[in-house]
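This report refers to the structure that appears directly beneath it.
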Amino acid sequence: MKLGARIFKTGIAVTLALFLAALLHLPSPVFAGISAVFAMQPTIYRSYLSLVEQVQANIIGAVLAIIAVLLFGRDPFIIGLTLMIVIALCLKMRLESTISVAMVTVIAIMEYTDKQFIEFAVIRFLTIMLGIFAAFVVNLIFLPPKYEKKLYEKITENTENILKWIRIHTRHASEHHILKEDIEKMKENMTKLEHLYLMYKEERTYFRKNRFQKSRKLVLYRQMIVATNRALETLKLLHRFENELYHMPLEFQQIIRSQLDCLLHYHEQILLKFIGKVKHLPHTDTVNETHHERMRLIEAFYAHHHQSHEYYLFSLVGTIIDYSEQLERLDKLIDSFHHYHHDSSLAKTLVND
């Protein structure tokens, strides 16, 4: 079982909330712990947004709960009706993520039966807000997420797996059903990668120099993901047309294999170049080789297509050419990034690892 940073931070936030509630002699400190659990977020920026939204939603819940008790009492029917109104208002104000804590606030306030109701309601409201602020402070200080490093590592992991399968498949060494299952897993991994990219995008930078670097990295990582997706699309088409490709002329199969081998090698070197693990590629030679293989493929495609009219080849050849162009764009973006940012902290970190 793997314990991530968020698990540790949730435990610390709950502990801090309970400790502060006990220190301030607040009744029912458990509500502070509950709100701290709901308020924990994966990024500092989301934690800030959650703090703002939780304050709004809890004010709505507390005010409506107080009004409902003062006007109608605390009958279970009234509590349920108040909860429905609070949920409707939160949805109207686009505070969907805060509904759970707002409901806890309503129930915590409306359970009181004694005379000093207003004082009790305010204390309960502050107890719940204490848990929310505790979660925000913990998320801000303890174990700040390193989404950039995770993002690059996940990109390289997904890419290496896809390229490995392309190499195996072009040599007719893959099992059809096993590759089919793995392609589905790769598609799921790419969806997770998109989520990780969003997490990194949401991380805020506070210095102007870092903001420029972050903007360039966002473009760069997006292009890395695009290139990996093109590789996956190529693999999917190779798998889909496996039988047709096997019966094509041997010379055409070799040209496709040669083009793909060139692209796979190019892709691997580009990723290593970004973190400084290989020297800068002789850009002109690499691009010329890619162009040469691409022209061979196009010429072979036209010659074969005029003879056989196999239209499925359009999608395969088109995807391979698009993959080649996306790699060239990624290569140029990395060259540009290194030109303007020689001291990339990510590159140094990964090299040291």
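Just so we're on the same page: first chain in the structure tokens is A, next is B, and so on; residues restart at 1 for each chain, and ligands are numbered from 1 in the order they show up.
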So that I can check the surroundings of region 226-229 of chain A, please list as a ChimeraX atom specification every protein, DNA and RNA residue that reaches within 10 Å of it, counting only C-alpha atoms and ignoring chain neighbours fewer than 5 positions away.
/A:155-156,158-160,162-163,186-187,190,220-221,234-235,267,322-330
Save the residues we just selected, N, CA, C and O atoms, as a short mmCIF file (atom, residue, chain, number, x, y, z; two decimals), in the first residue's frame?
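Result file follows (result03.cif):
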```
data_model
loop_
_atom_site.label_atom_id
_atom_site.label_comp_id
_atom_site.auth_asym_id
_atom_site.auth_seq_id
_atom_site.Cartn_x
_atom_site.Cartn_y
_atom_site.Cartn_z
N ILE A 155 5.18 11.16 -18.57
CA ILE A 155 5.28 11.28 -20.03
C ILE A 155 6.31 10.28 -20.57
O ILE A 155 6.03 9.55 -21.54
N THR A 156 7.49 10.24 -19.96
CA THR A 156 8.53 9.32 -20.43
C THR A 156 8.12 7.86 -20.23
O THR A 156 8.39 7.01 -21.10
N ASN A 158 4.99 6.59 -20.20
CA ASN A 158 3.99 6.25 -21.21
C ASN A 158 4.62 6.13 -22.59
O ASN A 158 4.31 5.21 -23.37
N THR A 159 5.52 7.08 -22.92
CA THR A 159 6.16 7.08 -24.23
C THR A 159 7.00 5.83 -24.43
O THR A 159 6.93 5.17 -25.48
N GLU A 160 7.80 5.47 -23.45
CA GLU A 160 8.66 4.29 -23.56
C GLU A 160 7.83 3.02 -23.77
O GLU A 160 8.21 2.15 -24.56
N ILE A 162 4.83 2.81 -25.17
CA ILE A 162 4.25 2.83 -26.51
C ILE A 162 5.32 2.51 -27.56
O ILE A 162 5.09 1.71 -28.48
N LEU A 163 6.49 3.14 -27.43
CA LEU A 163 7.55 2.90 -28.41
C LEU A 163 8.03 1.46 -28.39
O LEU A 163 8.35 0.88 -29.43
N MET A 186 -2.98 1.84 -22.11
CA MET A 186 -2.26 3.04 -22.53
C MET A 186 -3.20 4.22 -22.69
O MET A 186 -2.85 5.36 -22.34
N LYS A 187 -4.40 3.97 -23.21
CA LYS A 187 -5.38 5.05 -23.36
C LYS A 187 -5.78 5.59 -21.99
O LYS A 187 -5.93 6.81 -21.80
N MET A 190 -2.98 7.74 -20.67
CA MET A 190 -2.93 9.06 -21.31
C MET A 190 -3.98 9.99 -20.72
O MET A 190 -3.76 11.20 -20.58
N LEU A 220 5.59 23.32 -23.89
CA LEU A 220 6.49 22.21 -24.15
C LEU A 220 5.88 20.88 -23.71
O LEU A 220 5.89 19.89 -24.47
N TYR A 221 5.35 20.84 -22.50
CA TYR A 221 4.75 19.59 -22.01
C TYR A 221 3.50 19.22 -22.79
O TYR A 221 3.22 18.04 -23.01
N THR A 234 -0.48 5.82 -33.88
CA THR A 234 0.25 4.99 -34.84
C THR A 234 0.19 3.52 -34.44
O THR A 234 -0.06 2.64 -35.27
N LEU A 235 0.42 3.25 -33.16
CA LEU A 235 0.36 1.87 -32.66
C LEU A 235 -1.03 1.27 -32.84
O LEU A 235 -1.16 0.11 -33.25
N HIS A 267 12.37 10.33 -31.11
CA HIS A 267 11.52 10.65 -29.95
C HIS A 267 12.27 10.43 -28.65
O HIS A 267 12.23 11.27 -27.73
N ASP A 322 2.13 12.72 -39.60
CA ASP A 322 1.77 13.68 -38.54
C ASP A 322 2.65 13.48 -37.31
O ASP A 322 3.09 14.44 -36.68
N TYR A 323 2.89 12.22 -36.95
CA TYR A 323 3.79 11.91 -35.82
C TYR A 323 5.17 12.51 -36.06
O TYR A 323 5.76 13.12 -35.16
N SER A 324 5.69 12.38 -37.27
CA SER A 324 6.99 12.93 -37.62
C SER A 324 7.01 14.44 -37.47
O SER A 324 7.95 15.02 -36.90
N GLU A 325 5.96 15.10 -37.93
CA GLU A 325 5.90 16.56 -37.85
C GLU A 325 5.77 17.05 -36.41
O GLU A 325 6.36 18.07 -36.04
N GLN A 326 5.03 16.32 -35.60
CA GLN A 326 4.89 16.70 -34.19
C GLN A 326 6.22 16.56 -33.44
O GLN A 326 6.54 17.36 -32.55
N LEU A 327 7.01 15.55 -33.80
CA LEU A 327 8.33 15.39 -33.18
C LEU A 327 9.25 16.54 -33.57
O LEU A 327 10.01 17.05 -32.74
N GLU A 328 9.20 16.95 -34.82
CA GLU A 328 10.04 18.07 -35.25
C GLU A 328 9.66 19.34 -34.51
O GLU A 328 10.52 20.14 -34.10
N ARG A 329 8.37 19.55 -34.32
CA ARG A 329 7.92 20.73 -33.57
C ARG A 329 8.39 20.66 -32.12
O ARG A 329 8.85 21.65 -31.54
N LEU A 330 8.30 19.47 -31.52
CA LEU A 330 8.76 19.30 -30.14
C LEU A 330 10.25 19.57 -30.04
O LEU A 330 10.72 20.22 -29.09
#
```
Residues near Asp261 (chain A), cut-off 12 Å, only C-alpha atoms, skip fewer than 4 positions along chain, as a PyMOL selection string:
chain A and resi 163-171+231+254-257+265-268+289-290+293-294+320+324
Quote the spacing between CA of Arg94 (chain A) and CA of Ile59 (chain A) in Å to one decimal place.
14.9 Å
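Residue nearest Met129 (chain A), chosen from A:Leu263, A:Leu193, A:Ala102, A:Ala22 and counting only C-alpha atoms: A:Ala102.
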Contact residues around region 60-68 of chain A with only C-alpha atoms at 7 Å, ignoring same-chain residues under 6 positions, as a VMD selection string
chain A and resid 82 86 102 to 103 105 to 106 109 to 110 125
Mind checking which residues fall within 12 Å of Phe136 (chain A), counting only C-alpha atoms, ignoring those fewer than 5 positions away in the same chain, and posting them as a ChimeraX atom specification?
/A:9-10,12-14,16-17,35-52,54,129-131,141-142,144
For CA of Val30 (chain A) and CA of Ile128 (chain A), quote the distance in Å rounded to one decimal.
8.9 Å
